file start31.cif (mmCIF, C-alpha atoms)
data_target
loop_
_atom_site.group_PDB
_atom_site.id
_atom_site.type_symbol
_atom_site.label_atom_id
_atom_site.label_comp_id
_atom_site.auth_asym_id
_atom_site.auth_seq_id
_atom_site.Cartn_x
_atom_site.Cartn_y
_atom_site.Cartn_z
ATOM 1 C CA MET Y 27 50.197 35.597 -195.932
ATOM 2 C CA THR Y 28 48.947 38.920 -197.205
ATOM 3 C CA ASP Y 29 47.713 39.397 -200.741
ATOM 4 C CA PRO Y 30 50.383 41.425 -202.640
ATOM 5 C CA ARG Y 31 47.902 42.587 -205.242
ATOM 6 C CA PRO Y 32 46.524 46.119 -204.845
ATOM 7 C CA PRO Y 33 42.784 46.376 -204.186
ATOM 8 C CA SER Y 34 40.515 46.800 -207.189
ATOM 9 C CA PRO Y 35 39.897 50.472 -207.993
ATOM 10 C CA MET Y 36 36.166 49.657 -208.092
ATOM 11 C CA ALA Y 37 36.121 48.149 -204.593
ATOM 12 C CA PRO Y 38 35.761 50.421 -201.551
ATOM 13 C CA PRO Y 39 38.693 50.537 -199.112
ATOM 14 C CA PRO Y 40 38.417 47.810 -196.426
ATOM 15 C CA ALA Y 41 37.643 50.313 -193.644
ATOM 16 C CA LEU Y 42 34.897 51.950 -195.708
ATOM 17 C CA ALA Y 43 33.475 48.559 -196.714
ATOM 18 C CA GLY Y 44 33.311 47.608 -193.052
ATOM 19 C CA ARG Y 45 31.462 50.797 -192.177
ATOM 20 C CA LEU Y 46 29.001 50.245 -195.029
ATOM 21 C CA ALA Y 47 28.371 46.676 -193.872
ATOM 22 C CA ALA Y 48 27.900 47.844 -190.286
ATOM 23 C CA ALA Y 49 25.411 50.503 -191.385
ATOM 24 C CA ASP Y 50 23.484 47.898 -193.385
ATOM 25 C CA TYR Y 51 23.306 45.536 -190.405
ATOM 26 C CA ALA Y 52 22.235 48.398 -188.150
ATOM 27 C CA ALA Y 53 19.393 49.195 -190.523
ATOM 28 C CA GLN Y 54 18.333 45.535 -190.395
ATOM 29 C CA SER Y 55 17.959 45.747 -186.606
ATOM 30 C CA LEU Y 56 14.366 46.916 -187.071
ATOM 31 C CA ALA Y 57 11.412 44.925 -188.339
ATOM 32 C CA ALA Y 58 10.620 45.369 -192.030
ATOM 33 C CA GLU Y 59 7.376 47.257 -191.346
ATOM 34 C CA THR Y 60 9.171 49.589 -188.936
ATOM 35 C CA ARG Y 61 11.913 50.245 -191.490
ATOM 36 C CA ARG Y 62 9.345 51.145 -194.141
ATOM 37 C CA ALA Y 63 7.489 53.453 -191.774
ATOM 38 C CA TYR Y 64 10.692 55.133 -190.568
ATOM 39 C CA ALA Y 65 11.879 55.614 -194.146
ATOM 40 C CA ALA Y 66 8.621 57.346 -195.102
ATOM 41 C CA ASP Y 67 8.735 59.491 -191.958
ATOM 42 C CA TRP Y 68 12.331 60.494 -192.625
ATOM 43 C CA ARG Y 69 11.554 61.452 -196.232
ATOM 44 C CA ASP Y 70 8.744 63.697 -195.035
ATOM 45 C CA PHE Y 71 10.962 65.375 -192.442
ATOM 46 C CA SER Y 72 13.824 65.802 -194.935
ATOM 47 C CA LEU Y 73 11.501 67.416 -197.484
ATOM 48 C CA TRP Y 74 10.132 69.780 -194.845
ATOM 49 C CA CYS Y 75 13.665 70.765 -193.805
ATOM 50 C CA HIS Y 76 14.616 71.382 -197.447
ATOM 51 C CA GLN Y 77 11.609 73.660 -197.843
ATOM 52 C CA GLN Y 78 12.719 75.568 -194.756
ATOM 53 C CA GLY Y 79 16.294 75.853 -196.006
ATOM 54 C CA GLN Y 80 17.546 73.809 -193.047
ATOM 55 C CA ALA Y 81 19.687 70.688 -192.758
ATOM 56 C CA ALA Y 82 17.809 67.547 -191.761
ATOM 57 C CA LEU Y 83 20.920 65.919 -190.334
ATOM 58 C CA PRO Y 84 21.923 66.937 -187.799
ATOM 59 C CA ALA Y 85 18.743 68.734 -186.809
ATOM 60 C CA ALA Y 86 18.526 70.978 -183.770
ATOM 61 C CA PRO Y 87 15.815 70.030 -181.234
ATOM 62 C CA VAL Y 88 14.017 73.346 -181.809
ATOM 63 C CA LEU Y 89 13.817 72.567 -185.553
ATOM 64 C CA VAL Y 90 12.336 69.123 -184.870
ATOM 65 C CA ALA Y 91 9.891 70.696 -182.418
ATOM 66 C CA ALA Y 92 8.803 73.187 -185.096
ATOM 67 C CA TYR Y 93 8.221 70.318 -187.531
ATOM 68 C CA LEU Y 94 6.087 68.422 -185.004
ATOM 69 C CA ALA Y 95 4.089 71.572 -184.277
ATOM 70 C CA GLU Y 96 3.327 72.090 -187.979
ATOM 71 C CA ILE Y 97 2.077 68.544 -188.622
ATOM 72 C CA ALA Y 98 0.361 68.141 -185.233
ATOM 73 C CA PRO Y 99 -3.223 68.892 -186.368
ATOM 74 C CA ARG Y 100 -3.075 66.137 -189.011
ATOM 75 C CA TYR Y 101 -1.631 63.220 -187.022
ATOM 76 C CA SER Y 102 -2.416 61.101 -183.987
ATOM 77 C CA ARG Y 103 -0.281 60.837 -180.867
ATOM 78 C CA SER Y 104 1.201 57.532 -181.957
ATOM 79 C CA ALA Y 105 2.039 58.890 -185.415
ATOM 80 C CA LEU Y 106 3.813 61.915 -183.920
ATOM 81 C CA ARG Y 107 5.781 59.713 -181.543
ATOM 82 C CA ARG Y 108 6.784 57.503 -184.456
ATOM 83 C CA ARG Y 109 7.929 60.529 -186.492
ATOM 84 C CA LEU Y 110 10.106 61.553 -183.571
ATOM 85 C CA ALA Y 111 11.469 58.018 -183.216
ATOM 86 C CA ALA Y 112 12.270 57.891 -186.948
ATOM 87 C CA ILE Y 113 14.190 61.165 -186.782
ATOM 88 C CA GLY Y 114 16.084 59.953 -183.754
ATOM 89 C CA HIS Y 115 16.893 56.640 -185.419
ATOM 90 C CA ALA Y 116 18.336 58.400 -188.481
ATOM 91 C CA HIS Y 117 20.538 60.544 -186.231
ATOM 92 C CA ARG Y 118 21.816 57.596 -184.216
ATOM 93 C CA LEU Y 119 22.676 55.610 -187.337
ATOM 94 C CA GLN Y 120 24.852 58.493 -188.539
ATOM 95 C CA GLY Y 121 26.426 59.069 -185.120
ATOM 96 C CA ALA Y 122 24.827 62.509 -184.860
ATOM 97 C CA ALA Y 123 23.891 63.992 -181.505
ATOM 98 C CA TRP Y 124 20.310 63.304 -180.480
ATOM 99 C CA GLU Y 125 18.459 64.384 -177.344
ATOM 100 C CA PRO Y 126 14.963 62.831 -177.246
ATOM 101 C CA ALA Y 127 14.393 64.299 -173.765
ATOM 102 C CA HIS Y 128 15.379 67.840 -174.788
ATOM 103 C CA PRO Y 129 13.063 70.403 -173.103
ATOM 104 C CA ALA Y 130 12.004 71.845 -176.460
ATOM 105 C CA LEU Y 131 10.791 68.455 -177.660
ATOM 106 C CA ARG Y 132 9.139 67.406 -174.413
ATOM 107 C CA ALA Y 133 7.324 70.705 -173.908
ATOM 108 C CA THR Y 134 6.170 70.824 -177.525
ATOM 109 C CA LEU Y 135 4.751 67.293 -177.402
ATOM 110 C CA ARG Y 136 2.951 67.986 -174.126
ATOM 111 C CA GLY Y 137 1.426 71.116 -175.622
ATOM 112 C CA ILE Y 138 0.382 69.286 -178.788
ATOM 113 C CA PHE Y 139 -1.253 66.470 -176.838
ATOM 114 C CA ARG Y 140 -3.071 68.947 -174.622
ATOM 115 C CA ALA Y 141 -4.374 70.948 -177.583
ATOM 116 C CA HIS Y 142 -5.035 68.186 -180.114
ATOM 117 C CA GLY Y 143 -5.120 65.038 -178.026
ATOM 118 C CA THR Y 144 -7.972 62.618 -178.594
ATOM 119 C CA PRO Y 145 -8.739 59.452 -176.620
ATOM 120 C CA ARG Y 146 -6.790 56.448 -177.840
ATOM 121 C CA ARG Y 147 -8.917 53.905 -179.691
ATOM 122 C CA PRO Y 148 -7.691 50.459 -178.676
ATOM 123 C CA ALA Y 149 -8.187 47.392 -180.819
ATOM 124 C CA ALA Y 150 -11.443 45.622 -179.933
ATOM 125 C CA ALA Y 151 -10.821 42.182 -178.443
ATOM 126 C CA LEU Y 152 -12.061 39.493 -180.841
ATOM 127 C CA THR Y 153 -12.952 36.395 -178.839
ATOM 128 C CA SER Y 154 -14.220 32.989 -179.984
ATOM 129 C CA VAL Y 155 -17.747 34.459 -180.141
ATOM 130 C CA GLU Y 156 -16.670 36.931 -182.824
ATOM 131 C CA LEU Y 157 -14.478 34.325 -184.532
ATOM 132 C CA ARG Y 158 -17.460 32.037 -185.054
ATOM 133 C CA ARG Y 159 -19.304 34.846 -186.830
ATOM 134 C CA LEU Y 160 -16.284 35.831 -188.913
ATOM 135 C CA THR Y 161 -15.470 32.311 -190.059
ATOM 136 C CA ALA Y 162 -19.110 31.557 -190.862
ATOM 137 C CA ALA Y 163 -18.963 34.410 -193.380
ATOM 138 C CA CYS Y 164 -15.928 32.983 -195.168
ATOM 139 C CA GLY Y 165 -17.683 30.413 -197.352
ATOM 140 C CA GLU Y 166 -16.099 27.364 -198.973
ATOM 141 C CA GLY Y 167 -14.239 28.876 -201.926
ATOM 142 C CA LEU Y 168 -10.464 29.122 -202.110
ATOM 143 C CA ALA Y 169 -10.403 32.620 -200.606
ATOM 144 C CA GLY Y 170 -12.842 31.531 -197.904
ATOM 145 C CA LEU Y 171 -10.717 28.551 -196.899
ATOM 146 C CA ARG Y 172 -7.663 30.795 -196.735
ATOM 147 C CA ASP Y 173 -9.387 33.491 -194.704
ATOM 148 C CA ARG Y 174 -10.865 30.975 -192.246
ATOM 149 C CA ALA Y 175 -7.441 29.417 -191.644
ATOM 150 C CA LEU Y 176 -5.825 32.860 -191.398
ATOM 151 C CA LEU Y 177 -8.252 34.206 -188.800
ATOM 152 C CA LEU Y 178 -8.413 31.066 -186.670
ATOM 153 C CA LEU Y 179 -4.651 30.579 -186.649
ATOM 154 C CA GLY Y 180 -4.153 34.268 -185.877
ATOM 155 C CA PHE Y 181 -6.486 33.985 -182.895
ATOM 156 C CA ALA Y 182 -5.290 30.632 -181.541
ATOM 157 C CA GLY Y 183 -1.651 31.610 -181.980
ATOM 158 C CA ALA Y 184 -2.090 35.213 -180.758
ATOM 159 C CA LEU Y 185 -0.176 36.206 -183.881
ATOM 160 C CA ARG Y 186 0.628 39.637 -185.204
ATOM 161 C CA ARG Y 187 -0.351 40.372 -188.795
ATOM 162 C CA SER Y 188 3.292 40.407 -189.923
ATOM 163 C CA GLU Y 189 3.796 36.994 -188.311
ATOM 164 C CA LEU Y 190 0.711 35.623 -190.070
ATOM 165 C CA ALA Y 191 1.770 36.933 -193.461
ATOM 166 C CA GLY Y 192 5.284 35.569 -192.966
ATOM 167 C CA ILE Y 193 4.370 31.949 -192.193
ATOM 168 C CA ARG Y 194 5.967 29.444 -194.564
ATOM 169 C CA ARG Y 195 5.068 25.798 -195.051
ATOM 170 C CA GLU Y 196 8.460 24.867 -193.651
ATOM 171 C CA ASP Y 197 7.463 26.572 -190.372
ATOM 172 C CA LEU Y 198 4.464 24.253 -189.826
ATOM 173 C CA ARG Y 199 4.547 20.735 -188.431
ATOM 174 C CA LEU Y 200 1.215 18.948 -188.208
ATOM 175 C CA GLU Y 201 0.736 16.296 -185.532
ATOM 176 C CA ALA Y 202 -2.103 14.199 -184.164
ATOM 177 C CA GLU Y 203 -2.629 16.606 -181.253
ATOM 178 C CA GLY Y 204 -2.332 19.774 -183.280
ATOM 179 C CA LEU Y 205 0.395 21.742 -184.995
ATOM 180 C CA ARG Y 206 3.727 23.290 -184.104
ATOM 181 C CA LEU Y 207 4.485 26.693 -185.547
ATOM 182 C CA MET Y 208 8.003 28.056 -185.706
ATOM 183 C CA LEU Y 209 8.242 31.837 -185.806
ATOM 184 C CA PRO Y 210 11.753 32.557 -187.122
ATOM 185 C CA ARG Y 211 11.409 36.250 -186.320
ATOM 186 C CA SER Y 212 8.901 38.559 -184.689
ATOM 187 C CA LYS Y 213 8.502 42.030 -183.209
ATOM 188 C CA THR Y 214 9.941 40.958 -179.843
ATOM 189 C CA ASP Y 215 12.577 38.718 -181.470
ATOM 190 C CA ALA Y 216 14.372 41.131 -183.766
ATOM 191 C CA VAL Y 217 17.633 39.136 -183.629
ATOM 192 C CA GLY Y 218 15.938 36.062 -185.073
ATOM 193 C CA GLU Y 219 16.449 33.527 -182.302
ATOM 194 C CA GLY Y 220 13.091 32.006 -183.211
ATOM 195 C CA VAL Y 221 10.315 30.638 -181.035
ATOM 196 C CA GLU Y 222 8.018 27.626 -181.413
ATOM 197 C CA ILE Y 223 4.399 27.696 -180.275
ATOM 198 C CA GLY Y 224 1.845 24.918 -180.115
ATOM 199 C CA ILE Y 225 -1.731 25.072 -181.433
ATOM 200 C CA PRO Y 226 -3.985 22.221 -180.185
ATOM 201 C CA ARG Y 227 -6.950 20.926 -182.124
ATOM 202 C CA GLY Y 228 -10.203 22.676 -181.278
ATOM 203 C CA ARG Y 229 -13.327 21.076 -179.852
ATOM 204 C CA ARG Y 230 -15.532 22.345 -182.693
ATOM 205 C CA PRO Y 231 -14.783 21.230 -186.278
ATOM 206 C CA GLN Y 232 -16.096 24.532 -187.668
ATOM 207 C CA THR Y 233 -13.607 26.634 -185.657
ATOM 208 C CA CYS Y 234 -10.693 24.243 -185.172
ATOM 209 C CA PRO Y 235 -7.592 26.187 -186.293
ATOM 210 C CA VAL Y 236 -5.635 23.025 -187.103
ATOM 211 C CA ARG Y 237 -8.431 21.585 -189.236
ATOM 212 C CA ALA Y 238 -8.797 24.937 -191.032
ATOM 213 C CA VAL Y 239 -5.060 25.036 -191.797
ATOM 214 C CA GLU Y 240 -5.101 21.443 -193.038
ATOM 215 C CA ARG Y 241 -8.003 22.182 -195.384
ATOM 216 C CA TRP Y 242 -6.273 25.289 -196.729
ATOM 217 C CA LEU Y 243 -2.971 23.482 -197.299
ATOM 218 C CA ALA Y 244 -4.771 20.727 -199.195
ATOM 219 C CA ALA Y 245 -6.816 23.156 -201.302
ATOM 220 C CA SER Y 246 -3.820 25.363 -202.132
ATOM 221 C CA ASP Y 247 -1.516 22.371 -202.692
ATOM 222 C CA CYS Y 248 1.066 24.160 -200.570
ATOM 223 C CA HIS Y 249 4.214 22.102 -199.915
ATOM 224 C CA TYR Y 250 6.757 24.883 -199.431
ATOM 225 C CA GLY Y 251 6.985 28.673 -199.409
ATOM 226 C CA PRO Y 252 4.373 31.153 -198.179
ATOM 227 C CA VAL Y 253 1.302 29.542 -196.618
ATOM 228 C CA PHE Y 254 -1.079 32.479 -196.957
ATOM 229 C CA ARG Y 255 -1.047 33.682 -200.546
ATOM 230 C CA ARG Y 256 -3.141 35.945 -202.694
ATOM 231 C CA VAL Y 257 -6.281 34.732 -204.433
ATOM 232 C CA ASP Y 258 -7.426 36.920 -207.335
ATOM 233 C CA ARG Y 259 -11.002 37.891 -208.131
ATOM 234 C CA TRP Y 260 -11.391 34.852 -210.385
ATOM 235 C CA GLY Y 261 -10.356 32.504 -207.575
ATOM 236 C CA ARG Y 262 -6.879 31.825 -208.947
ATOM 237 C CA LEU Y 263 -4.027 31.332 -206.518
ATOM 238 C CA ASP Y 264 -0.945 33.557 -206.686
ATOM 239 C CA ALA Y 265 2.508 32.379 -205.624
ATOM 240 C CA ALA Y 266 3.199 35.640 -203.770
ATOM 241 C CA ALA Y 267 2.711 35.877 -200.018
ATOM 242 C CA LEU Y 268 0.071 38.158 -198.575
ATOM 243 C CA HIS Y 269 1.234 41.612 -197.558
ATOM 244 C CA PRO Y 270 0.740 42.187 -193.802
ATOM 245 C CA ASP Y 271 -1.833 44.879 -194.561
ATOM 246 C CA ALA Y 272 -3.866 42.289 -196.476
ATOM 247 C CA VAL Y 273 -4.613 40.670 -193.107
ATOM 248 C CA ARG Y 274 -6.349 43.898 -192.044
ATOM 249 C CA GLN Y 275 -8.254 44.077 -195.315
ATOM 250 C CA ILE Y 276 -9.423 40.475 -194.997
ATOM 251 C CA LEU Y 277 -10.589 41.030 -191.426
ATOM 252 C CA HIS Y 278 -12.557 44.139 -192.402
ATOM 253 C CA ARG Y 279 -14.152 42.442 -195.406
ATOM 254 C CA ARG Y 280 -15.252 39.400 -193.409
ATOM 255 C CA ALA Y 281 -16.556 41.622 -190.605
ATOM 256 C CA ARG Y 282 -18.716 43.527 -193.093
ATOM 257 C CA GLU Y 283 -20.057 40.289 -194.524
ATOM 258 C CA ALA Y 284 -20.790 38.972 -191.030
ATOM 259 C CA GLY Y 285 -22.432 42.230 -189.939
ATOM 260 C CA LEU Y 286 -19.924 42.433 -187.102
ATOM 261 C CA SER Y 287 -19.275 45.774 -185.411
ATOM 262 C CA VAL Y 288 -17.091 46.725 -182.472
ATOM 263 C CA PRO Y 289 -17.945 48.862 -179.429
ATOM 264 C CA ARG Y 290 -17.830 52.619 -179.831
ATOM 265 C CA GLY Y 291 -14.419 54.026 -178.991
ATOM 266 C CA GLU Y 292 -12.633 50.872 -180.195
ATOM 267 C CA ARG Y 293 -11.385 49.892 -183.633
ATOM 268 C CA LEU Y 294 -11.453 46.724 -185.685
ATOM 269 C CA SER Y 295 -7.875 45.590 -186.135
ATOM 270 C CA PRO Y 296 -5.897 42.336 -186.564
ATOM 271 C CA HIS Y 297 -4.367 43.188 -183.198
ATOM 272 C CA GLY Y 298 -7.781 42.357 -181.775
ATOM 273 C CA LEU Y 299 -6.970 38.683 -182.388
ATOM 274 C CA ARG Y 300 -4.137 38.897 -179.856
ATOM 275 C CA ALA Y 301 -6.234 40.999 -177.492
ATOM 276 C CA GLY Y 302 -9.071 38.494 -177.734
ATOM 277 C CA PHE Y 303 -6.771 35.558 -177.036
ATOM 278 C CA VAL Y 304 -5.392 37.208 -173.897
ATOM 279 C CA THR Y 305 -8.870 38.222 -172.714
ATOM 280 C CA GLU Y 306 -10.472 34.831 -173.210
ATOM 281 C CA ALA Y 307 -7.531 32.818 -171.885
ATOM 282 C CA TYR Y 308 -7.323 34.935 -168.733
ATOM 283 C CA LEU Y 309 -11.042 34.748 -168.042
ATOM 284 C CA ALA Y 310 -10.832 30.968 -168.495
ATOM 285 C CA GLY Y 311 -8.256 30.759 -165.702
ATOM 286 C CA ALA Y 312 -4.931 30.717 -167.568
ATOM 287 C CA ARG Y 313 -1.947 31.891 -165.543
ATOM 288 C CA ASP Y 314 0.028 34.989 -166.480
ATOM 289 C CA GLU Y 315 3.105 32.962 -167.379
ATOM 290 C CA GLN Y 316 1.057 30.634 -169.603
ATOM 291 C CA ILE Y 317 -0.370 33.533 -171.559
ATOM 292 C CA MET Y 318 2.924 35.409 -171.855
ATOM 293 C CA ASP Y 319 4.748 32.285 -172.994
ATOM 294 C CA HIS Y 320 2.220 31.841 -175.794
ATOM 295 C CA THR Y 321 1.843 35.484 -176.819
ATOM 296 C CA ARG Y 322 5.588 36.241 -176.458
ATOM 297 C CA HIS Y 323 4.825 39.311 -174.357
ATOM 298 C CA ARG Y 324 7.850 40.548 -172.453
ATOM 299 C CA ASP Y 325 6.052 42.993 -170.204
ATOM 300 C CA LEU Y 326 3.393 41.817 -167.750
ATOM 301 C CA LYS Y 327 1.891 45.299 -167.595
ATOM 302 C CA THR Y 328 1.291 45.324 -171.353
ATOM 303 C CA MET Y 329 -0.372 41.925 -171.269
ATOM 304 C CA ARG Y 330 -2.509 42.798 -168.250
ATOM 305 C CA ALA Y 331 -3.817 45.910 -170.037
ATOM 306 C CA TYR Y 332 -5.972 43.645 -172.226
ATOM 307 C CA VAL Y 333 -7.321 41.885 -169.155
ATOM 308 C CA ARG Y 334 -8.090 45.107 -167.304
ATOM 309 C CA ARG Y 335 -10.292 46.348 -170.148
ATOM 310 C CA SER Y 336 -12.328 43.138 -170.165
ATOM 311 C CA ARG Y 337 -12.822 43.188 -166.396
ATOM 312 C CA LEU Y 338 -13.260 46.934 -165.987
ATOM 313 C CA VAL Y 339 -16.821 46.762 -164.672
ATOM 314 C CA ARG Y 340 -16.718 43.365 -163.005
ATOM 315 C CA ASP Y 341 -13.659 44.169 -160.884
ATOM 316 C CA SER Y 342 -14.493 47.824 -160.189
ATOM 317 C CA ALA Y 343 -14.049 48.934 -156.590
ATOM 318 C CA ALA Y 344 -17.392 50.710 -156.959
ATOM 319 C CA LYS Y 345 -19.029 47.296 -156.409
ATOM 320 C CA LEU Y 346 -18.055 47.607 -152.757
ATOM 321 C CA LEU Y 347 -20.131 50.746 -152.295
ATOM 322 C CA ASP Y 348 -23.505 50.598 -150.581
ATOM 323 C CA LEU Y 349 -25.495 51.729 -153.602
#
call {"tool": "encode", "arguments": {"input": "start31.cif", "output": "structure tokens"}}
result
Amino acid sequence: MTDPRPPSPMAPPPALAGRLAAADYAAQSLAAETRRAYAADWRDFSLWCHQQGQAALPAAPVLVAAYLAEIAPRYSRSALRRRLAAIGHAHRLQGAAWEPAHPALRATLRGIFRAHGTPRRPAAALTSVELRRLTAACGEGLAGLRDRALLLLGFAGALRRSELAGIRREDLRLEAEGLRLMLPRSKTDAVGEGVEIGIPRGRRPQTCPVRAVERWLAASDCHYGPVFRRVDRWGRLDAAALHPDAVRQILHRRAREAGLSVPRGERLSPHGLRAGFVTEAYLAGARDEQIMDHTRHRDLKTMRAYVRRSRLVRDSAAKLLDL
């Protein structure tokens, strides 16, 4: 039976409400960090278009190419590609025509990379050797216990910084053999199907990730909500969860305290925890499917890229030469 009452004048028509809801769900299809980055990129492009007296949506490929050319000297390859992806995403959400392979865009990017391109600086792989140095620098205070648990769990779980910052007490289940960690959502699981990974107890008490997590949970008296929370300069615990970028800041601070540096041409990054896990597990004889199941990699080529870097000299065909 239909409702005989007319719709409220304050409520949008049903068709419009449906479109608004669909647009909101479409926006939620991206990870939170990606949404924030795309929003900032789109604001920059929109402001530039306004200054040029041009419409940002829809934008002709030649206009987008001109924008990329103007900002090219100030940004890296990955940043330029992300700007382009953000512009394309905004067009697709509004149903506007978008041609990412348009000749004007492709030729402009090739020219930019040829003129301004610099070698990519991959994240340095942080293996158990580096983890022992990092955790030794953490100390026994509240922040030190948190940072030790954060770094060891990030390494043993091959976790991304957003996954680390998003862990809640409800996602952890401690057992005699180790712990089970439920990741409700991640970069490769945008629809939120969830995945559970296992972290066994380590052989060394000082670097056992499960022991470190247990000590942090006891010290922080954490029974629900965010596991990794802020600790202020006076050592007081905050109820708010760490921001994902805080993981990077913690890693850099502990590396400075440990006197840890990375090889030239590489960068110190939380992503190095994942790279280090893949590198060490592969060199220890783990199978591809074992590693990919744990790291949640979908592409074998991407996962193998970490391994290739670690075995670049050892597996070089130049070893076969009579030199």
call {"tool": "closest_residue", "arguments": {"input": "start31.cif", "among": "Y:Leu177, Y:Val236, Y:Leu263, Y:Leu171", "to": "Y:Leu200", "atoms": "all atoms listed in the file"}}
result
Y:Val236
call {"tool": "closest_residue", "arguments": {"input": "start31.cif", "among": "Y:Ala191, Y:Val239, Y:Ala116, Y:Ile97", "to": "Y:His269", "atoms": "all atoms listed in the file"}}
result
Y:Ala191
call {"tool": "resolve_selection", "arguments": {"input": "start31.cif", "expression": "the PyMOL selection byres ((chain Y and resi 331) around 12)", "output": "list in words"}}
result
Pro148, Ala149, Ala151, Ala301, Gly302, Val304, Thr305, Tyr308, His323, Asp325, Leu326, Lys327, Thr328, Met329, Arg330, Tyr332, Val333, Arg334, Arg335, Ser336, Arg337 and Leu338 of chain Y
call {"tool": "atom_distance", "arguments": {"input": "start31.cif", "atom1": "atom CA of Y:Pro270", "atom2": "atom CA of Y:Leu185"}}
result
11.6 Å
call {"tool": "atom_distance", "arguments": {"input": "start31.cif", "atom1": "atom CA of Y:Glu59", "atom2": "atom CA of Y:Ala95"}}
result
25.5 Å
call {"tool": "residues_around", "arguments": {"input": "start31.cif", "residues": "Y:Leu83", "least_positions_apart": "4", "cutoff": "10 Å", "atoms": "only C-alpha atoms", "output": "list in words"}}
result
Ser72, Cys75, Ile113, Ala116, His117, Gln120, Ala122 and Ala123 of chain Y
call {"tool": "closest_residue", "arguments": {"input": "start31.cif", "among": "Y:Glu222, Y:Ala91, Y:Arg100, Y:Arg159", "to": "Y:Pro129", "atoms": "all atoms listed in the file"}}
result
Y:Ala91
call {"tool": "residues_around", "arguments": {"input": "start31.cif", "residues": "stretch 223-232 of chain Y", "least_positions_apart": "4", "cutoff": "6 Å", "atoms": "all atoms listed in the file", "output": "PyMOL selection string"}}
result
chain Y and resi 203-207+236
call {"tool": "atom_distance", "arguments": {"input": "start31.cif", "atom1": "atom CA of Y:Val288", "atom2": "atom CA of Y:Ser104"}}
result
21.3 Å
call {"tool": "residues_around", "arguments": {"input": "start31.cif", "residues": "Y:Ala265", "least_positions_apart": "3", "cutoff": "8 Å", "atoms": "only C-alpha atoms", "output": "number ranges by chain"}}
result
Y: 252, 255-256
call {"tool": "resolve_selection", "arguments": {"input": "start31.cif", "expression": "the PyMOL selection byres ((chain Y and resi 192) around 9)", "output": "VMD selection string"}}
result
chain Y and resid 187 to 191 193 to 194 209 252 to 254 267 to 270
call {"tool": "residues_around", "arguments": {"input": "start31.cif", "residues": "Y:Ala127", "least_positions_apart": "6", "cutoff": "12 Å", "atoms": "all atoms listed in the file", "output": "ChimeraX atom specification"}}
result
/Y:87,91,110-111,114,133-135
call {"tool": "resolve_selection", "arguments": {"input": "start31.cif", "expression": "the PyMOL selection byres ((chain Y and resi 65) around 12)", "output": "list in words"}}
result
Ala53, Leu56, Ala58, Glu59, Thr60, Arg61, Arg62, Ala63, Tyr64, Ala66, Asp67, Trp68, Arg69, Asp70, Phe71, Ser72, Arg108, Arg109, Ala111, Ala112, Ile113, His115 and Ala116 of chain Y
call {"tool": "residues_around", "arguments": {"input": "start31.cif", "residues": "stretch 153-157 of chain Y", "least_positions_apart": "5", "cutoff": "10 Å", "atoms": "all atoms listed in the file", "output": "PyMOL selection string"}}
result
chain Y and resi 162-163+174+177-178+181-182+233+281+284+286-288+298-307
call {"tool": "decode", "arguments": {"input": "start31.cif", "residues": "stretch 193-203 of chain Y", "atoms": "N, CA and C atoms", "output": "PDB file, in the first residue's frame"}}
result
ATOM      1  N   ILE Y 193      44.064  -1.043  13.445  1.00  0.00           N
ATOM      2  CA  ILE Y 193      43.809  -2.239  14.251  1.00  0.00           C
ATOM      3  C   ILE Y 193      43.052  -1.870  15.525  1.00  0.00           C
ATOM      4  N   ARG Y 194      42.015  -2.636  15.815  1.00  0.00           N
ATOM      5  CA  ARG Y 194      41.229  -2.470  17.033  1.00  0.00           C
ATOM      6  C   ARG Y 194      41.385  -3.716  17.904  1.00  0.00           C
ATOM      7  N   ARG Y 195      41.165  -3.528  19.191  1.00  0.00           N
ATOM      8  CA  ARG Y 195      41.316  -4.668  20.115  1.00  0.00           C
ATOM      9  C   ARG Y 195      40.406  -5.825  19.726  1.00  0.00           C
ATOM     10  N   GLU Y 196      39.245  -5.494  19.186  1.00  0.00           N
ATOM     11  CA  GLU Y 196      38.310  -6.529  18.763  1.00  0.00           C
ATOM     12  C   GLU Y 196      38.841  -7.357  17.600  1.00  0.00           C
ATOM     13  N   ASP Y 197      39.854  -6.838  16.889  1.00  0.00           N
ATOM     14  CA  ASP Y 197      40.424  -7.543  15.736  1.00  0.00           C
ATOM     15  C   ASP Y 197      41.499  -8.546  16.135  1.00  0.00           C
ATOM     16  N   LEU Y 198      41.916  -8.529  17.411  1.00  0.00           N
ATOM     17  CA  LEU Y 198      43.007  -9.382  17.884  1.00  0.00           C
ATOM     18  C   LEU Y 198      42.472 -10.530  18.727  1.00  0.00           C
ATOM     19  N   ARG Y 199      43.006 -11.722  18.474  1.00  0.00           N
ATOM     20  CA  ARG Y 199      42.686 -12.867  19.324  1.00  0.00           C
ATOM     21  C   ARG Y 199      43.991 -13.564  19.694  1.00  0.00           C
ATOM     22  N   LEU Y 200      44.344 -13.495  20.941  1.00  0.00           N
ATOM     23  CA  LEU Y 200      45.592 -14.079  21.428  1.00  0.00           C
ATOM     24  C   LEU Y 200      45.383 -15.549  21.767  1.00  0.00           C
ATOM     25  N   GLU Y 201      46.341 -16.376  21.364  1.00  0.00           N
ATOM     26  CA  GLU Y 201      46.296 -17.807  21.603  1.00  0.00           C
ATOM     27  C   GLU Y 201      47.653 -18.272  22.105  1.00  0.00           C
ATOM     28  N   ALA Y 202      47.724 -19.526  22.506  1.00  0.00           N
ATOM     29  CA  ALA Y 202      48.986 -20.073  23.004  1.00  0.00           C
ATOM     30  C   ALA Y 202      50.068 -20.036  21.929  1.00  0.00           C
ATOM     31  N   GLU Y 203      49.695 -20.304  20.675  1.00  0.00           N
ATOM     32  CA  GLU Y 203      50.676 -20.360  19.598  1.00  0.00           C
ATOM     33  C   GLU Y 203      51.010 -18.997  19.009  1.00  0.00           C
TER      34      GLU Y 203
END
